[in-house]
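Listing of coords.txt, compact mmCIF, C-alpha atoms
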```txt
# COMPACT_ATOMS: atom_id res chain seq x y z
CA MET A 1 -11.85 -19.77 -9.28
CA THR A 2 -8.28 -18.57 -9.80
CA LEU A 3 -6.28 -15.49 -8.84
CA SER A 4 -6.11 -14.59 -12.52
CA GLU A 5 -9.74 -13.48 -12.23
CA ARG A 6 -10.45 -9.87 -11.36
CA LEU A 7 -11.14 -9.17 -7.72
CA SER A 8 -14.55 -7.81 -8.63
CA ASP A 9 -15.39 -11.14 -10.29
CA ARG A 10 -14.18 -13.03 -7.23
CA LEU A 11 -16.40 -10.88 -5.02
CA ALA A 12 -19.39 -11.53 -7.29
CA ALA A 13 -18.69 -15.27 -7.29
CA HIS A 14 -18.86 -15.27 -3.48
CA GLY A 15 -21.95 -13.02 -3.50
CA LEU A 16 -20.25 -10.36 -1.36
CA GLN A 17 -20.84 -6.63 -1.04
CA ALA A 18 -19.39 -3.95 1.22
CA ASN A 19 -20.96 -3.48 4.65
CA LYS A 20 -21.48 0.25 5.15
CA GLY A 21 -21.95 -0.26 8.88
CA LEU A 22 -18.35 -1.50 9.11
CA GLY A 23 -17.00 1.37 7.00
CA GLN A 24 -15.95 -0.96 4.19
CA HIS A 25 -14.69 0.36 0.86
CA PHE A 26 -12.86 -2.28 -1.17
CA LEU A 27 -9.62 -1.38 -2.92
CA LEU A 28 -9.73 -3.66 -5.94
CA ASP A 29 -7.19 -1.95 -8.25
CA LEU A 30 -4.10 -4.16 -8.02
CA ASN A 31 -1.94 -1.42 -9.56
CA VAL A 32 -2.75 0.74 -6.52
CA THR A 33 -2.39 -2.06 -3.97
CA ARG A 34 0.97 -3.07 -5.40
CA LYS A 35 2.17 0.51 -5.16
CA ILE A 36 1.11 0.63 -1.49
CA ALA A 37 2.98 -2.63 -0.87
CA ARG A 38 6.13 -1.13 -2.40
CA LEU A 39 5.80 2.08 -0.40
CA SER A 40 5.48 0.08 2.82
CA GLY A 41 8.96 -1.40 2.40
CA CYS A 42 7.81 -4.97 3.01
CA GLY A 43 9.55 -7.81 1.27
CA PRO A 44 10.61 -11.46 1.35
CA ASP A 45 10.48 -13.06 4.80
CA GLY A 46 9.18 -9.86 6.40
CA LEU A 47 6.15 -9.89 8.69
CA VAL A 48 3.15 -7.70 7.90
CA ILE A 49 0.05 -7.19 10.02
CA GLU A 50 -2.94 -6.11 7.94
CA VAL A 51 -6.24 -4.95 9.42
CA GLY A 52 -9.46 -5.21 7.44
CA PRO A 53 -8.24 -7.16 4.41
CA GLY A 54 -11.80 -7.67 3.15
CA PRO A 55 -11.64 -9.44 -0.22
CA GLY A 56 -7.85 -9.37 -0.16
CA GLY A 57 -6.76 -6.86 -2.80
CA LEU A 58 -4.01 -5.35 -0.65
CA THR A 59 -3.35 -8.74 0.93
CA GLN A 60 -2.53 -10.21 -2.47
CA ALA A 61 -0.11 -7.37 -3.24
CA LEU A 62 1.64 -7.87 0.11
CA LEU A 63 1.89 -11.63 -0.43
CA GLU A 64 3.38 -11.06 -3.88
CA THR A 65 6.38 -9.34 -2.24
CA GLY A 66 7.19 -12.58 -0.41
CA ALA A 67 6.14 -11.21 2.96
CA ARG A 68 4.32 -13.26 5.57
CA VAL A 69 0.96 -11.64 6.32
CA VAL A 70 -1.21 -11.85 9.42
CA ALA A 71 -4.59 -10.52 8.34
CA ILE A 72 -7.10 -9.45 11.01
CA GLU A 73 -10.65 -9.42 9.68
CA ARG A 74 -13.80 -8.79 11.69
CA ASP A 75 -16.20 -9.77 8.90
CA ALA A 76 -16.28 -13.57 8.63
CA ARG A 77 -17.92 -13.33 5.18
CA PHE A 78 -14.46 -12.82 3.67
CA ALA A 79 -12.89 -15.95 5.14
CA PRO A 80 -13.46 -18.06 1.97
CA MET A 81 -11.84 -15.45 -0.30
CA LEU A 82 -8.88 -15.11 2.04
CA GLU A 83 -8.59 -18.89 2.16
CA ASP A 84 -8.29 -18.84 -1.66
CA LEU A 85 -5.35 -16.45 -1.25
CA GLY A 86 -3.79 -18.68 1.37
CA ARG A 87 -3.86 -21.63 -0.99
CA ALA A 88 -2.24 -19.53 -3.73
CA PHE A 89 0.56 -18.43 -1.36
CA PRO A 90 1.23 -21.50 0.81
CA GLY A 91 2.60 -20.77 4.26
CA GLN A 92 2.46 -16.98 3.86
CA LEU A 93 -1.01 -16.03 5.08
CA GLU A 94 -2.59 -16.35 8.51
CA VAL A 95 -6.15 -15.06 8.91
CA ILE A 96 -7.50 -14.09 12.32
CA LEU A 97 -11.22 -13.39 12.62
CA ALA A 98 -11.34 -10.74 15.34
CA ASP A 99 -11.93 -7.09 16.19
CA ALA A 100 -8.58 -5.36 15.61
CA LEU A 101 -9.24 -2.94 18.47
CA ARG A 102 -9.08 -5.91 20.84
CA VAL A 103 -6.13 -7.73 19.31
CA ASP A 104 -2.68 -7.82 20.93
CA GLU A 105 -0.34 -7.20 18.01
CA SER A 106 2.74 -7.73 20.17
CA GLN A 107 1.59 -11.29 20.78
CA LEU A 108 0.96 -11.84 17.08
CA ALA A 109 4.39 -10.56 16.09
CA GLY A 110 6.30 -12.29 18.87
CA SER A 111 10.01 -11.63 18.47
CA HIS A 112 9.68 -10.76 14.76
CA PRO A 113 9.86 -7.12 13.61
CA ALA A 114 6.53 -6.31 12.00
CA ARG A 115 5.13 -3.69 9.68
CA VAL A 116 1.49 -2.66 9.69
CA VAL A 117 -0.01 -2.10 6.24
CA SER A 118 -3.75 -1.52 5.94
CA ASN A 119 -6.59 0.06 4.05
CA LEU A 120 -8.30 0.88 7.33
CA PRO A 121 -12.07 0.79 7.75
CA TYR A 122 -13.12 4.44 7.94
CA ASN A 123 -15.07 4.08 11.17
CA VAL A 124 -12.16 2.75 13.27
CA GLY A 125 -9.08 4.12 11.51
CA THR A 126 -8.31 6.91 13.98
CA ALA A 127 -8.92 4.69 17.01
CA LEU A 128 -6.56 2.05 15.64
CA LEU A 129 -3.83 4.61 14.91
CA ILE A 130 -3.99 5.98 18.46
CA LYS A 131 -3.83 2.42 19.77
CA TRP A 132 -0.64 1.76 17.76
CA LEU A 133 0.93 5.12 18.59
CA THR A 134 0.34 4.88 22.34
CA GLY A 135 0.23 1.16 23.13
CA PRO A 136 2.98 -1.38 23.85
CA PHE A 137 3.22 -2.65 20.27
CA ARG A 138 6.14 -1.08 18.40
CA PRO A 139 6.02 -1.79 14.65
CA VAL A 140 8.86 -1.13 12.23
CA SER A 141 6.52 1.15 10.31
CA LEU A 142 2.85 1.88 9.66
CA THR A 143 1.58 2.38 6.12
CA LEU A 144 -2.10 3.20 6.41
CA MET A 145 -4.94 4.38 4.22
CA PHE A 146 -7.25 7.03 5.67
CA GLN A 147 -9.74 9.57 4.46
CA LYS A 148 -7.65 12.47 3.16
CA GLU A 149 -8.82 14.83 5.91
CA VAL A 150 -7.63 12.36 8.57
CA ALA A 151 -4.30 11.91 6.79
CA ASP A 152 -3.91 15.70 6.74
CA ARG A 153 -4.49 15.81 10.51
CA ILE A 154 -1.80 13.18 11.12
CA VAL A 155 0.91 15.15 9.29
CA ALA A 156 -0.28 18.70 10.10
CA ASP A 157 2.03 21.40 11.44
CA PRO A 158 1.18 23.94 14.18
CA GLY A 159 -0.85 26.91 13.04
CA THR A 160 -2.71 25.00 10.33
CA GLU A 161 -6.41 24.20 10.38
CA ALA A 162 -5.79 20.44 10.41
CA TYR A 163 -3.42 20.57 13.39
CA GLY A 164 -4.77 18.81 16.46
CA ARG A 165 -4.35 16.05 19.00
CA LEU A 166 -3.62 13.41 16.37
CA SER A 167 -0.88 15.61 14.86
CA VAL A 168 0.84 16.02 18.23
CA LEU A 169 0.66 12.36 19.25
CA ALA A 170 1.95 11.19 15.87
CA ALA A 171 4.81 13.73 15.87
CA ALA A 172 5.83 12.69 19.39
CA VAL A 173 6.33 9.09 18.33
CA ALA A 174 7.13 8.90 14.62
CA ASP A 175 8.24 10.59 11.43
CA ARG A 176 5.18 10.79 9.19
CA ARG A 177 4.34 11.79 5.65
CA ILE A 178 1.63 11.33 3.06
CA VAL A 179 3.05 9.05 0.34
CA LEU A 180 0.05 8.54 -1.95
CA GLU A 181 -3.38 10.01 -2.70
CA VAL A 182 -6.03 7.62 -3.95
CA PRO A 183 -9.16 8.86 -5.78
CA ALA A 184 -12.61 7.61 -4.84
CA ARG A 185 -12.98 5.78 -8.16
CA ALA A 186 -10.30 3.27 -7.09
CA PHE A 187 -12.71 1.85 -4.49
CA THR A 188 -15.85 -0.27 -4.59
CA PRO A 189 -18.18 1.27 -3.60
CA PRO A 190 -16.58 4.69 -4.19
CA PRO A 191 -16.49 6.77 -0.98
CA LYS A 192 -17.55 10.40 -1.08
CA VAL A 193 -14.02 11.57 -0.25
CA THR A 194 -10.46 11.23 -1.51
CA SER A 195 -8.21 8.89 0.46
CA ALA A 196 -4.52 9.08 1.25
CA VAL A 197 -1.80 6.72 2.44
CA VAL A 198 0.32 7.85 5.37
CA HIS A 199 3.67 6.24 6.16
CA LEU A 200 4.77 6.50 9.80
CA ALA A 201 8.20 5.41 10.96
CA PRO A 202 8.52 5.24 14.77
CA ARG A 203 11.65 7.04 15.98
CA ASP A 204 14.16 5.75 18.51
CA ASP A 205 13.73 9.02 20.42
CA GLY A 206 9.93 8.78 20.38
CA ILE A 207 8.41 9.18 23.81
CA GLY A 208 6.61 6.48 25.77
CA GLY A 209 5.53 5.41 29.24
CA ASP A 210 4.33 8.01 31.72
CA ARG A 211 5.42 10.89 29.51
CA LEU A 212 3.25 9.67 26.65
CA ASP A 213 0.33 9.15 29.04
CA ALA A 214 0.74 12.72 30.26
CA LEU A 215 0.91 14.01 26.68
CA GLN A 216 -2.34 12.20 25.90
CA ALA A 217 -4.01 13.83 28.91
CA VAL A 218 -2.76 17.31 27.98
CA THR A 219 -3.71 17.08 24.31
CA ALA A 220 -7.13 15.61 25.09
CA ALA A 221 -7.90 18.51 27.43
CA ALA A 222 -6.42 21.22 25.21
CA PHE A 223 -7.98 20.16 21.92
CA GLY A 224 -11.24 19.22 23.58
CA GLN A 225 -11.75 22.99 23.72
CA ARG A 226 -9.46 24.08 20.91
CA ARG A 227 -11.06 27.52 20.50
CA LYS A 228 -10.30 28.41 24.10
CA MET A 229 -7.02 29.68 25.53
CA LEU A 230 -4.86 27.03 27.15
CA ARG A 231 -5.55 28.44 30.62
CA SER A 232 -9.20 27.49 30.12
CA GLY A 233 -8.79 24.28 28.15
CA LEU A 234 -6.32 22.90 30.69
CA LYS A 235 -8.27 24.07 33.74
CA SER A 236 -8.91 20.52 34.96
CA LEU A 237 -5.14 19.82 34.88
CA GLY A 238 -3.97 23.02 36.51
CA GLY A 239 -4.81 25.69 33.98
CA GLU A 240 -2.66 28.80 34.20
CA ASP A 241 -0.40 27.35 36.90
CA LEU A 242 0.42 24.36 34.69
CA CYS A 243 1.18 26.65 31.75
CA ARG A 244 3.45 28.83 33.88
CA ALA A 245 5.31 25.78 35.18
CA ALA A 246 5.85 24.62 31.60
CA GLY A 247 6.96 28.02 30.35
CA VAL A 248 3.98 28.19 28.01
CA ASP A 249 1.87 31.32 27.43
CA PRO A 250 -1.49 30.62 29.15
CA SER A 251 -3.28 32.87 26.65
CA SER A 252 -2.12 30.89 23.60
CA ARG A 253 -4.45 28.52 21.81
CA PRO A 254 -3.70 24.82 21.34
CA GLU A 255 -3.54 24.92 17.55
CA THR A 256 -0.56 27.33 17.76
CA LEU A 257 1.52 25.28 20.23
CA SER A 258 4.29 23.10 18.79
CA LEU A 259 5.31 19.64 19.99
CA PRO A 260 8.03 20.96 22.37
CA GLY A 261 5.39 23.14 24.05
CA PHE A 262 3.05 20.21 24.55
CA LEU A 263 5.91 18.08 25.85
CA ALA A 264 6.75 20.83 28.35
CA LEU A 265 3.13 20.77 29.52
CA ALA A 266 3.26 16.97 29.82
CA ASP A 267 6.47 17.18 31.86
CA ALA A 268 4.96 19.84 34.12
CA LEU A 269 1.94 17.63 34.66
CA LEU A 270 4.19 14.73 35.67
CA THR A 271 6.15 16.95 38.06
CA LYS A 272 2.90 18.16 39.57
CA ALA A 273 1.74 14.58 40.09
```
Write the structure described by the file as structure tokens, please.
Amino acid sequence: MTLSERLSDRLAAHGLQANKGLGQHFLLDLNVTRKIARLSGCGPDGLVIEVGPGPGGLTQALLETGARVVAIERDARFAPMLEDLGRAFPGQLEVILADALRVDESQLAGSHPARVVSNLPYNVGTALLIKWLTGPFRPVSLTLMFQKEVADRIVADPGTEAYGRLSVLAAAVADRRIVLEVPARAFTPPPKVTSAVVHLAPRDDGIGGDRLDALQAVTAAAFGQRRKMLRSGLKSLGGEDLCRAAGVDPSSRPETLSLPGFLALADALLTKA
């Protein structure tokens, strides 16, 4: 078996199919994976952390840039295919068989600046993004494939239907934009939805620590009851009194409140504590 063979043929040779229970949809079109690699900004001697490499279509594109890749894969069935890639790119690929939700990326990266580039499994994509936005690991950038509706939520502005907790948390930490839409036919098996790649670049002025914890608490409460006025949605955190302390209209609804308003609520919550 050689890398000149199509990825679909390599999958067939190993007798592998997608596991629906793990939310797997393989991206086998190397034209698409190479475009994602370029959009991520990775290159020679850079460090990339990839979650859910599966058969290695995106992994191969990342390795072709000269980057060093740490691939975290939960499904041990793909270890032989990834080992084939490792032999084709000596010294560039490290494969870790683990659940990415439990991995400490800071430990993997060490003192090296790292980018995260992944075609995320659909069933854990949002959870992983929140982990990276709110945890101690600070990547250079995140270039991530999601279902289009999730990507829309990440980049949404106040007053739009997609605007929600994920929009606020992402905006508080990073600049974010959709850089590529990928049709279902690019995947095996094809999902029932369009996908999109979001590029997030953490900002130096992004919040962290207690303020980020408070923002998480406020957004969880507010958007947990998004159809209610803030005075009701935030009742467990102080309701109308918290809104007044933050200078926010208690009768407004969470989907209309911008990031500065949510930050004011977070600051008021900290002051109250």
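Across the structure, atom CA of Trp132 of chain A and atom CA of Ala67 of chain A are spaced 20.8 Å apart.
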> Quick one: of A:Arg115, A:His199, A:Arg68, A:Arg74, who's nearest to Glu94 of chain A, counting all atoms listed in the file?
Replying inline: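 Distance minimum relative to Glu94 of chain A lands on A:Arg68.
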Which residues of segment 134-187 of chain A come within 10 Å of segment 24-33 of chain A, and for each one, what is the closest pair of atoms and their distance in Å to one decimal, counting all atoms listed in the file, sorted by chain and residue number, as a Markdown table?
```
| residue | atom | partner | partner_atom | distance |
| --- | --- | --- | --- | --- |
| A:Leu180 | CA | A:Val32 | CA | 9.5 |
| A:Val182 | CA | A:Val32 | CA | 8.0 |
| A:Ala184 | CA | A:His25 | CA | 9.5 |
| A:Arg185 | CA | A:Leu27 | CA | 9.5 |
| A:Ala186 | CA | A:Asp29 | CA | 6.2 |
| A:Phe187 | CA | A:Leu27 | CA | 4.7 |
```
Write out as a tab-separated table the residues of segment 67-124 of chain A that have any atom within 10 Å of an atom of segment 54-57 of chain A, one row each with the nearest atom pair and its distance in Å to one decimal, counting only C-alpha atoms, sorted by chain and then rising number.
```
residue	atom	partner	partner_atom	distance
A:Ala71	CA	A:Gly56	CA	9.2
A:Ile72	CA	A:Gly54	CA	9.3
A:Glu73	CA	A:Gly54	CA	6.9
A:Arg74	CA	A:Gly54	CA	8.8
A:Asp75	CA	A:Gly54	CA	7.5
A:Ala76	CA	A:Gly54	CA	9.2
A:Arg77	CA	A:Gly54	CA	8.6
A:Phe78	CA	A:Gly54	CA	5.8
A:Ala79	CA	A:Pro55	CA	8.5
A:Pro80	CA	A:Pro55	CA	9.1
A:Met81	CA	A:Pro55	CA	6.0
A:Leu82	CA	A:Gly56	CA	6.2
A:Glu83	CA	A:Gly56	CA	9.8
A:Asp84	CA	A:Gly56	CA	9.6
A:Leu85	CA	A:Gly56	CA	7.6
A:Asn119	CA	A:Gly54	CA	9.4
A:Pro121	CA	A:Gly54	CA	9.6
```
>> Could you list, as a count of residues only, every residue within 10 Å of Val48 of chain A, counting all atoms listed in the file and ignoring same-chain residues fewer than 6 positions away?
In response: 23
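Atom CA of Met229 of chain A is found 5.0 Å from atom CA of Ser251 of chain A.
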> Which of these, A:Val198, A:Val51, A:Ala214, A:Val150, has the shortest distance to Thr126 of chain A once you count all atoms listed in the file?
Replying inline: A:Val150
> Which distance in Å separates atom CA of Ser195 of chain A and atom CA of Ile154 of chain A, to one decimal?
Replying inline: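 Going from atom CA of Ser195 of chain A over to atom CA of Ile154 of chain A covers 13.2 Å.
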>> So that I can see what lies close to Phe223 of chain A, please list as an MDAnalysis selection string the residues with an atom at most 9 Å from it, counting all atoms listed in the file and leaving out residues fewer than 4 positions away in the same chain.
In response: chainID A and resid 164:165 218:219 227:228 233 254:255
